[in-house]
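The structure file model-v1.csv is reproduced below (CSV, C-alpha atoms).
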```
chain,number,residue,atom,x,y,z
X,1,MET,CA,19.1,-2.6,-7.7
X,2,GLY,CA,21.6,-1.0,-5.3
X,3,GLU,CA,21.6,2.5,-6.7
X,4,ASN,CA,17.8,2.6,-7.1
X,5,LEU,CA,17.4,1.3,-3.6
X,6,ASN,CA,19.7,3.9,-2.1
X,7,LYS,CA,17.8,6.6,-3.9
X,8,PHE,CA,14.5,5.1,-2.6
X,9,PHE,CA,15.8,5.1,1.0
X,10,ALA,CA,17.1,8.7,0.6
X,11,GLU,CA,13.8,10.0,-0.9
X,12,ASN,CA,11.6,8.3,1.7
X,13,ARG,CA,13.7,8.6,4.9
X,14,GLU,CA,12.3,11.9,6.2
X,15,ARG,CA,8.7,11.2,5.2
X,16,THR,CA,8.8,7.8,6.8
X,17,LEU,CA,10.4,9.0,10.0
X,18,ALA,CA,7.8,11.8,10.2
X,19,PHE,CA,5.0,9.2,9.9
X,20,LEU,CA,6.6,7.0,12.5
X,21,ARG,CA,7.2,10.0,14.9
X,22,LYS,CA,3.5,10.8,14.6
X,23,ARG,CA,2.2,7.2,15.1
X,24,PHE,CA,4.7,6.0,17.6
X,25,SER,CA,5.3,9.1,19.7
X,26,ALA,CA,6.4,7.0,22.7
X,27,LEU,CA,9.6,6.0,20.8
X,28,GLY,CA,12.6,8.3,21.0
X,29,GLU,CA,14.4,9.6,18.0
X,30,GLU,CA,17.2,7.1,18.3
X,31,ASP,CA,14.7,4.2,18.5
X,32,LEU,CA,12.9,5.5,15.4
X,33,LYS,CA,16.2,5.7,13.5
X,34,GLU,CA,17.0,2.2,14.5
X,35,VAL,CA,13.5,1.1,13.3
X,36,TYR,CA,14.2,2.8,10.0
X,37,GLN,CA,17.6,1.1,9.7
X,38,ASN,CA,16.2,-2.3,10.6
X,39,SER,CA,13.3,-1.8,8.2
X,40,SER,CA,15.7,-0.9,5.4
X,41,LEU,CA,17.7,-4.1,6.0
X,42,ALA,CA,14.5,-6.2,6.1
X,43,LEU,CA,13.4,-4.7,2.8
X,44,CYS,CA,16.8,-5.5,1.2
X,45,GLU,CA,16.6,-9.1,2.5
X,46,ASN,CA,13.0,-9.5,1.3
X,47,LEU,CA,13.9,-8.1,-2.2
X,48,LEU,CA,16.9,-10.5,-2.4
X,49,ALA,CA,14.7,-13.4,-1.2
X,50,GLY,CA,12.0,-12.6,-3.8
X,51,LYS,CA,9.4,-12.0,-1.2
X,52,TYR,CA,8.3,-8.6,-2.7
X,53,GLU,CA,6.1,-8.7,-5.8
X,54,GLU,CA,5.3,-5.2,-7.2
X,55,GLN,CA,1.9,-6.3,-8.3
X,56,ASN,CA,0.8,-6.8,-4.7
X,57,ALA,CA,1.7,-3.4,-3.4
X,58,GLY,CA,3.8,-0.3,-4.3
X,59,LEU,CA,7.3,-0.4,-2.8
X,60,ASN,CA,6.4,2.6,-0.6
X,61,THR,CA,3.4,0.8,0.9
X,62,TYR,CA,5.4,-2.4,1.3
X,63,PHE,CA,8.3,-0.6,3.0
X,64,LEU,CA,6.0,1.3,5.3
X,65,ARG,CA,4.3,-1.9,6.4
X,66,ILE,CA,7.8,-3.2,7.3
X,67,CYS,CA,8.5,0.0,9.3
X,68,ILE,CA,5.3,-0.3,11.2
X,69,ASN,CA,6.0,-3.9,12.0
X,70,GLN,CA,9.5,-3.0,13.2
X,71,ALA,CA,8.1,-0.1,15.3
X,72,LEU,CA,5.6,-2.4,16.9
X,73,LYS,CA,8.4,-4.8,17.8
X,74,SER,CA,10.4,-2.0,19.3
X,75,VAL,CA,7.4,-0.8,21.3
X,76,SER,CA,6.8,-4.4,22.4
X,77,LYS,CA,10.4,-4.8,23.6
X,78,SER,CA,10.2,-1.6,25.6
X,79,GLY,CA,6.9,-2.5,27.2
X,80,ILE,CA,5.3,0.7,26.1
X,81,LEU,CA,1.7,0.5,24.9
X,82,VAL,CA,1.0,2.7,21.9
X,83,PRO,CA,-2.5,2.7,20.6
X,84,LEU,CA,-3.0,3.0,16.8
X,85,PRO,CA,-6.1,4.7,15.5
X,86,GLU,CA,-9.0,2.4,15.0
X,87,ASN,CA,-9.1,3.1,11.3
X,88,ALA,CA,-5.5,2.1,10.8
X,89,ASN,CA,-6.0,-1.4,9.6
X,90,LEU,CA,-2.5,-2.6,8.7
X,91,GLY,CA,-3.2,-5.9,7.0
X,92,GLY,CA,-0.9,-8.9,7.3
X,93,ASP,CA,2.3,-9.9,5.7
X,94,GLY,CA,1.4,-10.0,2.0
X,95,ASP,CA,-2.2,-10.8,2.7
X,96,TYR,CA,-4.7,-8.3,1.3
X,97,ILE,CA,-8.1,-7.7,2.8
X,98,ASP,CA,-10.5,-9.5,0.6
X,99,ASP,CA,-13.4,-7.2,1.3
X,100,LYS,CA,-11.3,-4.2,0.3
X,101,ILE,CA,-10.2,-5.8,-3.0
X,102,ASP,CA,-13.8,-6.7,-3.6
X,103,GLU,CA,-14.7,-3.1,-3.0
X,104,LEU,CA,-12.3,-2.0,-5.7
X,105,ILE,CA,-13.6,-4.6,-8.1
X,106,ASN,CA,-17.2,-3.8,-7.2
X,107,PHE,CA,-16.4,-0.1,-7.9
X,108,ILE,CA,-15.8,-1.2,-11.5
X,109,TYR,CA,-18.7,-3.6,-11.8
X,110,GLU,CA,-21.0,-1.6,-9.5
X,111,VAL,CA,-22.6,-4.9,-8.6
X,112,GLU,CA,-21.8,-7.9,-6.4
X,113,GLY,CA,-22.1,-11.6,-6.9
X,114,TYR,CA,-19.9,-12.5,-9.8
X,115,ASP,CA,-18.7,-16.1,-9.9
X,116,GLU,CA,-15.2,-17.4,-8.8
X,117,HIS,CA,-13.9,-17.8,-12.3
X,118,GLU,CA,-14.8,-14.2,-13.1
X,119,ARG,CA,-13.3,-13.0,-9.8
X,120,LEU,CA,-9.9,-14.6,-10.6
X,121,ARG,CA,-9.9,-13.2,-14.1
X,122,THR,CA,-10.8,-9.8,-12.8
X,123,GLU,CA,-8.1,-9.9,-10.0
X,124,ASN,CA,-5.4,-10.7,-12.6
X,125,LEU,CA,-6.6,-7.9,-14.8
X,126,VAL,CA,-6.7,-5.5,-11.7
X,127,ARG,CA,-3.0,-6.4,-11.0
X,128,ALA,CA,-2.0,-5.8,-14.6
X,129,ILE,CA,-3.7,-2.5,-14.8
X,130,MET,CA,-2.2,-1.3,-11.4
X,131,LYS,CA,1.2,-1.6,-13.0
X,132,GLU,CA,0.2,1.0,-15.6
X,133,LEU,CA,-0.9,3.6,-13.1
X,134,SER,CA,1.5,6.1,-11.6
X,135,GLU,CA,3.3,5.1,-8.4
X,136,LYS,CA,1.3,7.6,-6.4
X,137,CYS,CA,-2.0,6.0,-7.7
X,138,GLN,CA,-0.7,2.5,-7.0
X,139,ASP,CA,0.3,3.5,-3.4
X,140,LEU,CA,-3.0,5.2,-2.7
X,141,LEU,CA,-5.2,2.5,-4.2
X,142,TRP,CA,-3.2,-0.5,-2.8
X,143,GLY,CA,-2.7,1.3,0.5
X,144,HIS,CA,-6.5,1.8,0.9
X,145,TYR,CA,-8.0,-1.2,-1.0
X,146,GLY,CA,-5.1,-3.6,-0.5
X,147,ASP,CA,-3.8,-2.8,3.0
X,148,GLY,CA,-6.9,-1.2,4.4
X,149,LEU,CA,-5.1,2.0,5.5
X,150,SER,CA,-7.4,4.9,6.2
X,151,TRP,CA,-7.3,8.1,4.0
X,152,GLU,CA,-5.9,10.0,7.0
X,153,VAL,CA,-3.0,7.6,7.3
X,154,LEU,CA,-2.3,7.7,3.6
X,155,ALA,CA,-2.4,11.5,3.6
X,156,ASP,CA,0.3,11.4,6.3
X,157,MET,CA,2.4,8.8,4.5
X,158,TYR,CA,2.4,10.7,1.1
X,159,GLY,CA,2.5,14.3,2.3
X,160,LEU,CA,-1.0,15.2,1.2
X,161,ALA,CA,-2.8,18.0,3.0
X,162,ASN,CA,-5.5,15.8,4.7
X,163,ALA,CA,-7.7,12.7,4.4
X,164,ASN,CA,-10.0,14.5,1.9
X,165,SER,CA,-7.1,15.4,-0.3
X,166,ALA,CA,-6.0,11.7,-0.3
X,167,LYS,CA,-9.5,10.6,-1.0
X,168,SER,CA,-9.9,13.1,-3.9
X,169,THR,CA,-6.5,12.1,-5.4
X,170,ALA,CA,-7.5,8.5,-5.1
X,171,ASN,CA,-10.8,9.2,-6.8
X,172,GLY,CA,-9.0,10.5,-9.9
X,173,CYS,CA,-6.8,7.3,-9.7
X,174,ARG,CA,-9.9,5.1,-9.5
X,175,ASN,CA,-11.5,6.9,-12.5
X,176,LYS,CA,-8.3,6.3,-14.5
X,177,PHE,CA,-8.2,2.7,-13.3
X,178,ARG,CA,-11.9,2.2,-14.3
X,179,ASP,CA,-11.2,3.6,-17.8
X,180,LEU,CA,-8.2,1.3,-18.3
X,181,PHE,CA,-10.1,-1.7,-16.9
X,182,ILE,CA,-13.0,-1.2,-19.3
X,183,GLU,CA,-10.6,-0.7,-22.2
X,184,LYS,CA,-8.5,-3.7,-21.4
X,185,LYS,CA,-11.4,-6.0,-20.6
X,186,ALA,CA,-13.0,-5.2,-23.9
X,187,ILE,CA,-9.7,-6.0,-25.7
X,188,ILE,CA,-8.9,-9.2,-23.8
X,189,TYR,CA,-12.3,-10.7,-23.2
X,190,GLY,CA,-14.3,-9.2,-26.0
```

Could you render the structure as structure tokens?
Amino acid sequence: MGENLNKFFAENRERTLAFLRKRFSALGEEDLKEVYQNSSLALCENLLAGKYEEQNAGLNTYFLRICINQALKSVSKSGILVPLPENANLGGDGDYIDDKIDELINFIYEVEGYDEHERLRTENLVRAIMKELSEKCQDLLWGHYGDGLSWEVLADMYGLANANSAKSTANGCRNKFRDLFIEKKAIIYG
């Protein structure tokens, strides 16, 4: 875990700091570096405590949520008020927005109103299929449908040109997801 985690932190440091600089411009560079360091420690502690489950969110998305929470704490301590964009819904600690997950599931079914048993079976299948997608697809889909992040925020996070680019990339991911879903559902449930 240690070597992979060090590689993860090295690969994501500049991108994460750039995102934090843009969203929390009231914080100075030293404050942002401290936020990153505290977030890194929190991620390590959460991994050791078993709080992170890959099926719930990609590691990048999970880590970014920790960074945002740490930045908000830092802003709160300093007394500075930093508004986030209205469309930057950040979700809660490990709780995913039901409406957004329903939106992803409805994308597959293209209807609403399936029963609770079918919903649970579908959610389990969704989580299993997400593990088969590329990390970028996982991050974009969970970031939008799981965490409720806007396409603009996701574009900033993952170095995409703009919100339309993030949306277009995610559309390809959704199509791949749908194909896998239909294939697996037919195999598993007949």

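Nearest to Arg23 in chain X of all the residues X:Ile129, X:Ala170, X:Val153, X:Leu140 is X:Val153, based on all atoms listed in the file.
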
### Message
Show me, as a ChimeraX atom specification, the residues that have an atom within 12 Å of Leu59 in chain X when counting only C-alpha atoms, minus same-chain residues fewer than 4 positions from it.
### Response
/X:4-5,8-9,12,40,43-44,46-47,51-55,63-66,131,135-136,138-140,142-143

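Distances here use all atoms listed in the file; by that measure, the residue among X:Leu125, X:Leu20, X:Leu141, X:Ala42 closest to Leu180 in chain X is X:Leu125.
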
### Task
Give me, please, the distance in Å between CA of Tyr145 in chain X and CA of Phe19 in chain X, quoted to one decimal.
19.9 Å

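If you look at CA of Leu32 in chain X and CA of Lys77 in chain X, they are 13.4 Å away from each other.
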
### Message
If I take CA of Gly148 in chain X and CA of Ile68 in chain X, how far is one from the other in Å, to one decimal?
### Response
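Between these atoms lies a distance of 14.0 Å.
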
### Task
Compare X:Ala163, X:Val75, X:Ile188, X:Leu154 by their minimum atom-to-atom distance to Asn124 in chain X, counting all atoms listed in the file, and give me the closest one.
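Nearest candidate to Asn124 in chain X out of X:Ala163, X:Val75, X:Ile188, X:Leu154: X:Ile188.
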
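Proximity to Cys67 in chain X at 9 Å, evaluated using all atoms listed in the file and with sequence-adjacent residues fewer than 6 positions away removed, yields Thr16, Leu20, Val35, Tyr36, Asn38, Ser39 and Ser40 of chain X.
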